[in-house]
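Report on the structure given below.
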Amino acid sequence: MDSLNTRDLPNASELANADVSPTVTRRGSRLSNDQNLEAHHTSIPVDSEPSPGGSGNNDMLIVDWDGPDDLQNPKNWSFRRKWAAIAIVSGFTFISPVSSSMVAPATSQLAAELGIHNEVIIAFTTSIFILANAIGPLFLGPLSEIYGRSRVVQLANLWYLVWNLVCGFAQNESQLLAFRFLAGLGGSAPLAIGGGVLGDCWLPEERGQAIAVYSLAPLLGSVIGPITGAWIAERSTWRWVFWSTTIVDAAVQALGLIFLQETFAPLLLERKAKKIRKSLDLEKGPYREVRTIFDGNQDRFWQAIFAKSMIRPFALFVREPIIQLLGIYMAYLYGTIYLFLTTIPSIFEGIYNQPVGIAGLHYLALGIGLIGALQINARTMDRIYVYLKHKNGGIRKPEFRLPAMFVGTILLPIGLLITGWTVQARTYWIVPDVGIVLIGAGVILNFQVTQNYIVDVFTLYAASAFAAVYCFRSLAGCGFPLFAPAMYSALGFGKGDTVLGVVAIVLGCPAPFILWYYGERIRNASRHAARQKTPRNGCQLDEQRLVNDVTS
């Protein structure tokens, strides 16, 4: 690996998520948790390799994992322990979109009580939460690098819990919008941090099912929220939409306090280093300094972390064609989902004259598409990846994640056309539901593939890549519902959904073909994409050179 400009070095979060085996060749001593620390230190030689500062240093102890099977490394945790972490983070990720979308069926009741008459503002009461989701990850992600995943995600969730509760007490339009925005900032934490937890815990061959569950959570939450909100609005008051989600979130928060453990490797190794420092006499002992393998990165100060994390996502979006292609497409997918979340009530209440509660049940069609496609893809994604890897001589390629995307990019426009024109013709209500099922299936297949592909391509820079994608995705989720009423009013549902279907074809259908045939060439021309090498002991990256380049 060529020497890198310090501006382009991955931060600690991205290094922690690197697609490397759980151990690397050490520059310093390897420590055992089970041995007496004083005795161990006095007997270990430390090489005289230059320190990150550039001068020779014979008295520095470099702290790393205790070999490839160290159980303190989250990648070596038991499956039960890993899934506990994923389940809690997915729970937080599920609650946030439930809160964002649950108010959609209750907006007419809410608007009548608070005196809101502008249709755009009524739609904005739903989508402003998603606007906050675009902003929150830009500072919550860097905070997780400094203070760890678990602490930041749980404190952010407490912030969300308080402001979501206060939403139920809003007395006017301004208060509601302000409280919803503040709640959305806290609710964005799982989006910013959840992908990092996945990278901390899972190897590439195991990652498919975990990402399938994690990526389903926000989409399924967006479906369950409106169904529940419709019945609450019909049987009670819109204020209980917020109070009920607060109660459920409090239960998830309690489980998180008990079961969610820290997974961020730099923080775990720093805790280990602190324990060693306490056991040593740094003044008289053989070592004058104890550092972790991540401390070699001189940009670990919070100012540098924030600056890099704020700038790099947008720099990646400008420089990397893969992120541009998939980021724009994911933004379109997310915008389409939220467009349907806000228009399903107008379809089945306005066109089919169904009560609020019954109209809300049509969100189940979206849920069936999401869950059905998820179950199929979760069972096949890792198998297809492993099969193609073995067929390729054991060499991994991110393109082996793409087969499901070929299907997803076709299902989505078909579903849009069926839904739009059957609603326009006022056919029996189950026919539009078939189209909505296909929309849900197409969206989840494309979501899973793009998220896996980005993780595999930009392994070291996955956090920054996702920050860029999530920012644009959330902006689209906020913006699409705002123009939907005007579009359908001018064009009708048939022509309106045809426009969406054509855009889906133009943006989506070429993407898997381009990446399948030209993805490797694009990756090889990238400064940030992970390089694929001949397998060595099951690892495709030259780990020693990777760590030395990053920490020097």
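Residue names in the structure tokens use chain letters A, B, ... in the order shown, residue numbers from 1 in each chain, and ligand numbers from 1 in the order shown.
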* To do: Can you check which residues of range 213-354 of chain A DSSP gives as strand (DSSP E) on the backbone and send them as a list in words?
  => Glu289, Val290, Arg291 and Thr292 of chain A
Residues as selected, C-alpha atoms, written as a PDB file, in the first residue's frame, can you do that?
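Result went into out.pdb, see below:
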```pdb
ATOM      1  CA  GLU A 289       4.235   4.961  27.225  1.00  0.00           C
ATOM      2  CA  VAL A 290       1.316   2.600  26.643  1.00  0.00           C
ATOM      3  CA  ARG A 291      -0.707   3.126  23.486  1.00  0.00           C
ATOM      4  CA  THR A 292      -3.212   1.194  21.396  1.00  0.00           C
TER       5      THR A 292
END
```
* Compile the contact shell of Ile193 in chain A as a ChimeraX atom specification: residues with an atom at most 12 Å away, counting only C-alpha atoms, same-chain residues fewer than 5 positions apart removed. => /A:13-14,17,86,89-90,92-93,136-145,147-154,156-157,186-188,198-200,214,262-264,462-464,466-467,470
* **Residues flagged alpha helix (DSSP H) by DSSP in range 244-481 of chain A, as number ranges by chain** => A: 244-259, 265-279, 302-319, 321-345, 356-360, 363-391, 403-424, 430-457, 462-481
* Asked: Between A:Ala189, A:Pro105, A:Ile135, A:Phe348, which is the closest to Ile122 in chain A once you count only C-alpha atoms?
  ->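 That would be A:Pro105, the residue with the smallest distance to Ile122 in chain A.
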* Shell of 7 Å around Thr126 in chain A, only C-alpha atoms, local chain residues under 4 positions omitted, as a list of chain:residue names ->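 Counting only C-alpha atoms, the residues come to A:Ser100, A:Ser101, A:Val103, A:Ala104.
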* Asked: With distances taken over only C-alpha atoms, which of A:Ser526, A:Asn446, A:Asn392, A:Thr246 is nearest to Gly168 in chain A?
  ->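 With only C-alpha atoms as the atom set, the closest residue is A:Thr246.
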* Structure fact -> For Ile368 in chain A, the closest of A:Arg319, A:Ile505, A:Leu220, A:Glu349 counting only C-alpha atoms is A:Leu220
* Spatial neighbours of Leu161 in chain A, max dist 10 Å, only C-alpha atoms, sep filter under 6 positions, as a list of chain:residue names -> A:Ser96, A:Leu155, A:Ala183, A:Gly186, A:Gly187, A:Phe242, A:Trp243, A:Thr245, A:Thr246, A:Ile247, A:Val248, A:Asp249, A:Ala250, A:Gln253
* What is the CA of Lys272 in chain A to CA of Leu71 in chain A distance in Å? -> 13.1 Å
* **Near-Pro97 in chain A list (6 Å; only C-alpha atoms; drop same-chain fewer than 6 positions) as a PyMOL selection string** => chain A and resi 218+221-222
Got time to write the residues from that selection, N, CA, C and O atoms, as an mmCIF file, in the first residue's frame?
```cif
data_model
loop_
_atom_site.group_PDB
_atom_site.id
_atom_site.type_symbol
_atom_site.label_atom_id
_atom_site.label_comp_id
_atom_site.auth_asym_id
_atom_site.auth_seq_id
_atom_site.Cartn_x
_atom_site.Cartn_y
_atom_site.Cartn_z
ATOM 1 N N PRO A 218 -35.896 -0.092 9.920
ATOM 2 C CA PRO A 218 -36.497 1.208 9.615
ATOM 3 C C PRO A 218 -37.659 1.123 8.637
ATOM 4 O O PRO A 218 -38.620 1.890 8.740
ATOM 5 N N GLY A 221 -40.627 -0.453 10.516
ATOM 6 C CA GLY A 221 -41.155 0.565 11.421
ATOM 7 C C GLY A 221 -42.013 1.574 10.694
ATOM 8 O O GLY A 221 -43.031 2.045 11.222
ATOM 9 N N SER A 222 -41.614 1.894 9.453
ATOM 10 C CA SER A 222 -42.385 2.841 8.661
ATOM 11 C C SER A 222 -43.744 2.278 8.257
ATOM 12 O O SER A 222 -44.652 3.030 7.902
#
```
